[in-house]
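As provided, query28.pdb (PDB, C-alpha atoms, pLDDT in the B column) reads as follows.
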```pdb
ATOM      1  CA  MET A   4       0.000   0.000   0.000  1.00 48.00           C
ATOM      2  CA  THR A   5       1.328   3.432  -0.918  1.00 67.00           C
ATOM      3  CA  ASP A   6       0.956   6.686   0.946  1.00 89.00           C
ATOM      4  CA  ARG A   7       0.957   8.700  -2.281  1.00 94.00           C
ATOM      5  CA  PHE A   8      -1.900   9.492  -4.638  1.00 96.00           C
ATOM      6  CA  VAL A   9      -1.100   7.703  -7.913  1.00 96.00           C
ATOM      7  CA  SER A  10      -2.913   6.734 -11.112  1.00 96.00           C
ATOM      8  CA  ASN A  11      -6.190   8.155 -12.396  1.00 97.00           C
ATOM      9  CA  PHE A  12      -9.812   7.098 -12.110  1.00 98.00           C
ATOM     10  CA  THR A  13     -13.020   8.399 -13.653  1.00 98.00           C
ATOM     11  CA  ASN A  14     -16.269   8.228 -11.696  1.00 98.00           C
ATOM     12  CA  ARG A  15     -19.738   9.466 -12.566  1.00 98.00           C
ATOM     13  CA  LEU A  16     -21.779  11.813 -10.415  1.00 97.00           C
ATOM     14  CA  ASP A  17     -24.905  10.190  -9.018  1.00 96.00           C
ATOM     15  CA  ALA A  18     -28.455  11.587  -9.311  1.00 94.00           C
ATOM     16  CA  LYS A  19     -27.846  13.755  -6.220  1.00 94.00           C
ATOM     17  CA  GLY A  20     -24.620  15.212  -7.648  1.00 94.00           C
ATOM     18  CA  ARG A  21     -22.253  13.190  -5.450  1.00 97.00           C
ATOM     19  CA  VAL A  22     -19.120  11.476  -6.715  1.00 98.00           C
ATOM     20  CA  SER A  23     -17.138   8.684  -5.054  1.00 98.00           C
ATOM     21  CA  ILE A  24     -13.499   9.326  -4.238  1.00 98.00           C
ATOM     22  CA  PRO A  25     -11.506   6.294  -5.501  1.00 97.00           C
ATOM     23  CA  ALA A  26     -10.949   3.712  -2.755  1.00 96.00           C
ATOM     24  CA  SER A  27      -7.146   3.961  -2.941  1.00 95.00           C
ATOM     25  CA  PHE A  28      -7.352   7.736  -2.517  1.00 96.00           C
ATOM     26  CA  ARG A  29      -9.789   7.359   0.409  1.00 95.00           C
ATOM     27  CA  SER A  30      -7.366   5.072   2.235  1.00 94.00           C
ATOM     28  CA  ILE A  31      -4.566   7.638   1.885  1.00 95.00           C
ATOM     29  CA  LEU A  32      -6.876  10.398   3.138  1.00 95.00           C
ATOM     30  CA  ALA A  33      -7.868   8.218   6.107  1.00 93.00           C
ATOM     31  CA  LYS A  34      -4.181   7.714   7.040  1.00 94.00           C
ATOM     32  CA  ASP A  35      -3.628  11.463   6.650  1.00 92.00           C
ATOM     33  CA  GLY A  36      -6.323  12.127   9.258  1.00 91.00           C
ATOM     34  CA  TYR A  37      -7.706  15.312   7.700  1.00 90.00           C
ATOM     35  CA  GLU A  38     -11.398  15.902   8.448  1.00 88.00           C
ATOM     36  CA  GLY A  39     -13.084  16.202   5.076  1.00 93.00           C
ATOM     37  CA  LEU A  40     -11.407  17.019   1.775  1.00 97.00           C
ATOM     38  CA  TYR A  41      -9.536  20.288   1.234  1.00 97.00           C
ATOM     39  CA  VAL A  42     -10.159  21.586  -2.316  1.00 98.00           C
ATOM     40  CA  HIS A  43      -9.045  24.711  -4.177  1.00 96.00           C
ATOM     41  CA  ARG A  44      -9.076  25.805  -7.804  1.00 96.00           C
ATOM     42  CA  THR A  45      -5.733  25.278  -9.514  1.00 96.00           C
ATOM     43  CA  LEU A  46      -3.990  28.535 -10.284  1.00 93.00           C
ATOM     44  CA  ASP A  47      -3.377  27.915 -13.984  1.00 94.00           C
ATOM     45  CA  LEU A  48      -5.402  24.905 -15.131  1.00 97.00           C
ATOM     46  CA  PRO A  49      -9.119  24.086 -15.455  1.00 97.00           C
ATOM     47  CA  ALA A  50      -8.869  21.611 -12.580  1.00 98.00           C
ATOM     48  CA  LEU A  51      -9.137  21.351  -8.802  1.00 98.00           C
ATOM     49  CA  ASP A  52      -6.401  20.454  -6.300  1.00 98.00           C
ATOM     50  CA  ALA A  53      -7.527  18.245  -3.430  1.00 98.00           C
ATOM     51  CA  GLY A  54      -6.038  16.521  -0.423  1.00 97.00           C
ATOM     52  CA  GLY A  55      -5.544  16.703   3.290  1.00 95.00           C
ATOM     53  CA  HIS A  56      -2.740  17.631   5.680  1.00 95.00           C
ATOM     54  CA  ALA A  57       0.032  17.007   3.106  1.00 94.00           C
ATOM     55  CA  LEU A  58      -1.519  19.477   0.649  1.00 95.00           C
ATOM     56  CA  ARG A  59      -2.125  22.004   3.441  1.00 95.00           C
ATOM     57  CA  ALA A  60       1.533  21.662   4.518  1.00 95.00           C
ATOM     58  CA  THR A  61       2.702  22.327   0.953  1.00 95.00           C
ATOM     59  CA  ILE A  62       0.560  25.463   0.796  1.00 96.00           C
ATOM     60  CA  ASP A  63       1.918  26.611   4.161  1.00 96.00           C
ATOM     61  CA  ASP A  64       5.496  26.004   2.903  1.00 96.00           C
ATOM     62  CA  ILE A  65       4.823  28.083  -0.214  1.00 96.00           C
ATOM     63  CA  LEU A  66       3.316  30.918   1.803  1.00 97.00           C
ATOM     64  CA  ALA A  67       6.257  30.835   4.258  1.00 97.00           C
ATOM     65  CA  ARG A  68       8.568  31.921   1.421  1.00 97.00           C
ATOM     66  CA  PHE A  69       6.913  35.353   1.415  1.00 97.00           C
ATOM     67  CA  SER A  70       6.523  38.082   3.982  1.00 96.00           C
ATOM     68  CA  PRO A  71       2.966  37.920   5.368  1.00 94.00           C
ATOM     69  CA  PHE A  72       2.687  41.617   4.488  1.00 95.00           C
ATOM     70  CA  SER A  73       3.717  41.186   0.835  1.00 97.00           C
ATOM     71  CA  ASP A  74       1.406  41.379  -2.166  1.00 97.00           C
ATOM     72  CA  GLU A  75       2.515  37.888  -3.218  1.00 96.00           C
ATOM     73  CA  TRP A  76       1.536  36.400   0.142  1.00 97.00           C
ATOM     74  CA  GLU A  77      -1.855  38.153  -0.004  1.00 96.00           C
ATOM     75  CA  LEU A  78      -2.546  36.932  -3.539  1.00 96.00           C
ATOM     76  CA  LEU A  79      -1.493  33.335  -2.890  1.00 95.00           C
ATOM     77  CA  SER A  80      -3.282  33.147   0.448  1.00 96.00           C
ATOM     78  CA  THR A  81      -6.468  34.493  -1.128  1.00 96.00           C
ATOM     79  CA  ALA A  82      -6.281  31.979  -3.993  1.00 94.00           C
ATOM     80  CA  LEU A  83      -5.200  28.951  -1.952  1.00 94.00           C
ATOM     81  CA  ASN A  84      -6.945  29.605   1.369  1.00 94.00           C
ATOM     82  CA  GLY A  85      -9.645  32.208   0.833  1.00 94.00           C
ATOM     83  CA  ALA A  86     -11.155  30.573  -2.249  1.00 91.00           C
ATOM     84  CA  SER A  87     -10.830  27.009  -0.963  1.00 95.00           C
ATOM     85  CA  GLU A  88     -13.516  24.701   0.355  1.00 97.00           C
ATOM     86  CA  VAL A  89     -13.457  21.845   2.844  1.00 96.00           C
ATOM     87  CA  LEU A  90     -15.857  19.239   1.509  1.00 97.00           C
ATOM     88  CA  LYS A  91     -17.589  16.709   3.719  1.00 97.00           C
ATOM     89  CA  VAL A  92     -16.846  13.088   2.815  1.00 96.00           C
ATOM     90  CA  ASP A  93     -19.872  10.891   3.535  1.00 96.00           C
ATOM     91  CA  PRO A  94     -19.556   7.364   5.033  1.00 94.00           C
ATOM     92  CA  GLU A  95     -19.553   5.863   1.492  1.00 95.00           C
ATOM     93  CA  GLY A  96     -16.609   8.062   0.453  1.00 96.00           C
ATOM     94  CA  ARG A  97     -18.622  10.486  -1.670  1.00 97.00           C
ATOM     95  CA  ILE A  98     -18.273  14.244  -1.956  1.00 98.00           C
ATOM     96  CA  MET A  99     -20.519  16.913  -3.409  1.00 97.00           C
ATOM     97  CA  LEU A 100     -18.726  19.583  -5.431  1.00 97.00           C
ATOM     98  CA  SER A 101     -20.063  23.124  -5.235  1.00 95.00           C
ATOM     99  CA  GLU A 102     -21.275  24.806  -8.419  1.00 96.00           C
ATOM    100  CA  ALA A 103     -18.284  27.190  -8.253  1.00 95.00           C
ATOM    101  CA  LEU A 104     -15.827  24.271  -8.206  1.00 97.00           C
ATOM    102  CA  LYS A 105     -17.641  22.414 -10.998  1.00 97.00           C
ATOM    103  CA  THR A 106     -17.755  25.574 -13.123  1.00 97.00           C
ATOM    104  CA  HIS A 107     -14.013  26.233 -12.728  1.00 96.00           C
ATOM    105  CA  ALA A 108     -13.142  22.693 -13.842  1.00 97.00           C
ATOM    106  CA  GLY A 109     -15.949  22.342 -16.403  1.00 98.00           C
ATOM    107  CA  ILE A 110     -17.222  19.243 -14.586  1.00 98.00           C
ATOM    108  CA  GLY A 111     -20.559  17.875 -15.744  1.00 97.00           C
ATOM    109  CA  ASP A 112     -21.605  14.276 -15.107  1.00 97.00           C
ATOM    110  CA  ALA A 113     -18.180  12.692 -14.475  1.00 98.00           C
ATOM    111  CA  VAL A 114     -14.906  13.476 -12.689  1.00 98.00           C
ATOM    112  CA  THR A 115     -11.408  12.171 -13.356  1.00 98.00           C
ATOM    113  CA  PHE A 116      -9.304  11.896 -10.195  1.00 98.00           C
ATOM    114  CA  VAL A 117      -5.581  12.271 -10.990  1.00 98.00           C
ATOM    115  CA  GLY A 118      -2.871  11.358  -8.486  1.00 97.00           C
ATOM    116  CA  HIS A 119      -0.076  13.880  -7.904  1.00 96.00           C
ATOM    117  CA  GLY A 120       1.756  12.270  -5.002  1.00 95.00           C
ATOM    118  CA  HIS A 121       0.941  14.480  -2.001  1.00 95.00           C
ATOM    119  CA  LYS A 122      -2.340  15.681  -3.569  1.00 97.00           C
ATOM    120  CA  PHE A 123      -4.741  14.774  -6.347  1.00 98.00           C
ATOM    121  CA  GLN A 124      -6.578  16.753  -8.966  1.00 98.00           C
ATOM    122  CA  LEU A 125     -10.172  16.620 -10.173  1.00 98.00           C
ATOM    123  CA  TRP A 126     -10.754  17.138 -13.898  1.00 98.00           C
ATOM    124  CA  GLU A 127     -13.520  16.991 -16.433  1.00 98.00           C
ATOM    125  CA  PRO A 128     -12.541  13.730 -18.224  1.00 98.00           C
ATOM    126  CA  ALA A 129     -12.106  15.081 -21.777  1.00 98.00           C
ATOM    127  CA  ARG A 130     -10.116  18.062 -20.509  1.00 98.00           C
ATOM    128  CA  PHE A 131      -7.845  15.700 -18.583  1.00 98.00           C
ATOM    129  CA  GLU A 132      -7.226  13.547 -21.670  1.00 97.00           C
ATOM    130  CA  ALA A 133      -6.295  16.670 -23.676  1.00 97.00           C
ATOM    131  CA  HIS A 134      -4.033  17.880 -20.850  1.00 97.00           C
ATOM    132  CA  LEU A 135      -2.353  14.454 -20.601  1.00 96.00           C
ATOM    133  CA  GLU A 136      -1.712  14.333 -24.344  1.00 95.00           C
ATOM    134  CA  ALA A 137      -0.271  17.875 -24.306  1.00 94.00           C
ATOM    135  CA  ALA A 138       1.955  16.913 -21.351  1.00 93.00           C
ATOM    136  CA  ARG A 139       3.208  13.808 -23.181  1.00 93.00           C
ATOM    137  CA  THR A 140       3.991  15.860 -26.293  1.00 92.00           C
ATOM    138  CA  ARG A 141       5.919  18.454 -24.291  1.00 90.00           C
ATOM    139  CA  LEU A 142       7.819  15.746 -22.431  1.00 91.00           C
ATOM    140  CA  ARG A 143       8.790  14.028 -25.694  1.00 89.00           C
ATOM    141  CA  ASP A 144      10.243  17.357 -26.831  1.00 85.00           C
ATOM    142  CA  VAL A 145      12.128  17.753 -23.536  1.00 86.00           C
ATOM    143  CA  LYS A 146      13.450  14.204 -23.807  1.00 86.00           C
ATOM    144  CA  ARG A 147      14.659  14.825 -27.373  1.00 84.00           C
ATOM    145  CA  SER A 148      16.416  18.063 -26.396  1.00 84.00           C
ATOM    146  CA  LEU A 149      18.026  16.401 -23.372  1.00 82.00           C
ATOM    147  CA  GLY A 150      19.138  13.466 -25.484  1.00 79.00           C
ATOM    148  CA  ALA A 151      20.676  15.767 -28.078  1.00 72.00           C
ATOM    149  CA  SER A 152      22.656  17.676 -25.461  1.00 73.00           C
ATOM    150  CA  LEU A 153      24.021  14.683 -23.524  1.00 66.00           C
ATOM    151  CA  PRO A 154      27.486  13.459 -24.444  1.00 70.00           C
ATOM    152  CA  THR A 155      27.693  10.122 -26.184  1.00 61.00           C
ATOM    153  CA  PRO A 156      29.887   7.377 -24.653  1.00 63.00           C
ATOM    154  CA  ALA A 157      32.463   7.935 -27.438  1.00 60.00           C
ATOM    155  CA  THR A 158      32.832  11.648 -26.605  1.00 52.00           C
ATOM    156  CA  SER A 159      32.431  11.519 -22.832  1.00 53.00           C
ATOM    157  CA  GLY A 160      35.547   9.495 -22.068  1.00 54.00           C
ATOM    158  CA  VAL A 161      33.449   6.617 -20.723  1.00 52.00           C
ATOM    159  CA  GLY A 162      35.240   3.323 -21.215  1.00 51.00           C
ATOM    160  CA  THR A 163      38.551   4.870 -22.240  1.00 46.00           C
TER     161      THR A 163
END
```
Taking this structure as input, can you express it in the form of C-alpha cells?
Amino acid sequence: MTDRFVSNFTNRLDAKGRVSIPASFRSILAKDGYEGLYVHRTLDLPALDAGGHALRATIDDILARFSPFSDEWELLSTALNGASEVLKVDPEGRIMLSEALKTHAGIGDAVTFVGHGHKFQLWEPARFEAHLEAARTRLRDVKRSLGASLPTPATSGVGT
C-alpha cells in the first residue's frame, strides 16, 4: 500500500450530484487524518487540487517563502486559502462539489481523479485527456532536447 496518490480514475456523479473518491485515494486520506477534503481551484489549469494535511503543509510552505505583508503572500493566500472549500466526505466516500468548483473545472456528469503524489486533482474527463496528451507531447520534446545535449559514450571518455 502506498501513501501517495497515484494513477487516475473516472467516476460518474450520481443523481444527487455526489461522486465517489476512488478507494485507494480514500485510504490515503484516512491515514492522513484530515477531516473532510480540502479543495481549491488550480492557479493555472481548469482543474481542482484536493487533499488533506500534506496538501495544506505544501501550501503553508509556499506561503512561508513570502513576507505575510507582501502582495505575493496576499494573492497566494487568497487563492489557496480564501477561495478554498473543505468538503464533507460521507460514510460511502462520496463528496458533493459546489457549483463554483464544478464551473471552474468544467465538470458535468463525471470526474477524473488524478494522483499527484501528495495531492490529487479533479478534472472533467475530456479536458484531462487533452491535458495528458499535451503533457506527453511536451515531455517528448524535452526528452529529445536532453538526449541531443548529452554526451555520447564515445565523446564523454566513458570506457577509455
- Task: Compile the contact shell of segment 100-117 of chain A as a PyMOL selection string: residues with an atom at most 8 Å away, counting all atoms listed in the file, same-chain residues fewer than 4 positions apart removed.
- Result: chain A and resi 8-16+20-22+24-25+43-44+49-51+90+123-128+131
- Message: Please list, as a PyMOL selection string, the residues that have an atom at most 9 Å away from (-13.1, 6.0, -1.2) in the coordinates of this file, counting all atoms listed in the file.
- Response: chain A and resi 23-30+32+92+95-97
Okay, now the selection with C-alpha atoms, as an mmCIF file, keeping the file's coordinate frame?
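Ended up saving to part.cif:
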```cif
data_model
loop_
_atom_site.group_PDB
_atom_site.id
_atom_site.type_symbol
_atom_site.label_atom_id
_atom_site.label_comp_id
_atom_site.auth_asym_id
_atom_site.auth_seq_id
_atom_site.Cartn_x
_atom_site.Cartn_y
_atom_site.Cartn_z
ATOM 1 C CA SER A 23 -17.138 8.684 -5.054
ATOM 2 C CA ILE A 24 -13.499 9.326 -4.238
ATOM 3 C CA PRO A 25 -11.506 6.294 -5.501
ATOM 4 C CA ALA A 26 -10.949 3.712 -2.755
ATOM 5 C CA SER A 27 -7.146 3.961 -2.941
ATOM 6 C CA PHE A 28 -7.352 7.736 -2.517
ATOM 7 C CA ARG A 29 -9.789 7.359 0.409
ATOM 8 C CA SER A 30 -7.366 5.072 2.235
ATOM 9 C CA LEU A 32 -6.876 10.398 3.138
ATOM 10 C CA VAL A 92 -16.846 13.088 2.815
ATOM 11 C CA GLU A 95 -19.553 5.863 1.492
ATOM 12 C CA GLY A 96 -16.609 8.062 0.453
ATOM 13 C CA ARG A 97 -18.622 10.486 -1.670
#
```
- Message: From the options A:Lys19, A:Arg141, A:Lys146, A:Lys122, which residue's atoms come nearest to Arg59 of chain A, counting all atoms listed in the file?
- Response: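 Among the listed residues, A:Lys122 lies closest to Arg59 of chain A.
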- So which residues touch segment 119-121 of chain A within 9 Å, counting all atoms listed in the file, skipping near sequence neighbours fewer than 6 positions away, as a list in words?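 Result of the neighbour search: Asp6, Arg7, Phe8, Val9, Ser10, Gly54, Gly55, Ala57, Leu58 and Thr61 of chain A.
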- atom CA of Lys91 of chain A to atom CA of Asp47 of chain A, distance in Å rounded to a single decimal: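 Result for atom CA of Lys91 of chain A versus atom CA of Asp47 of chain A: 25.3 Å, one decimal.
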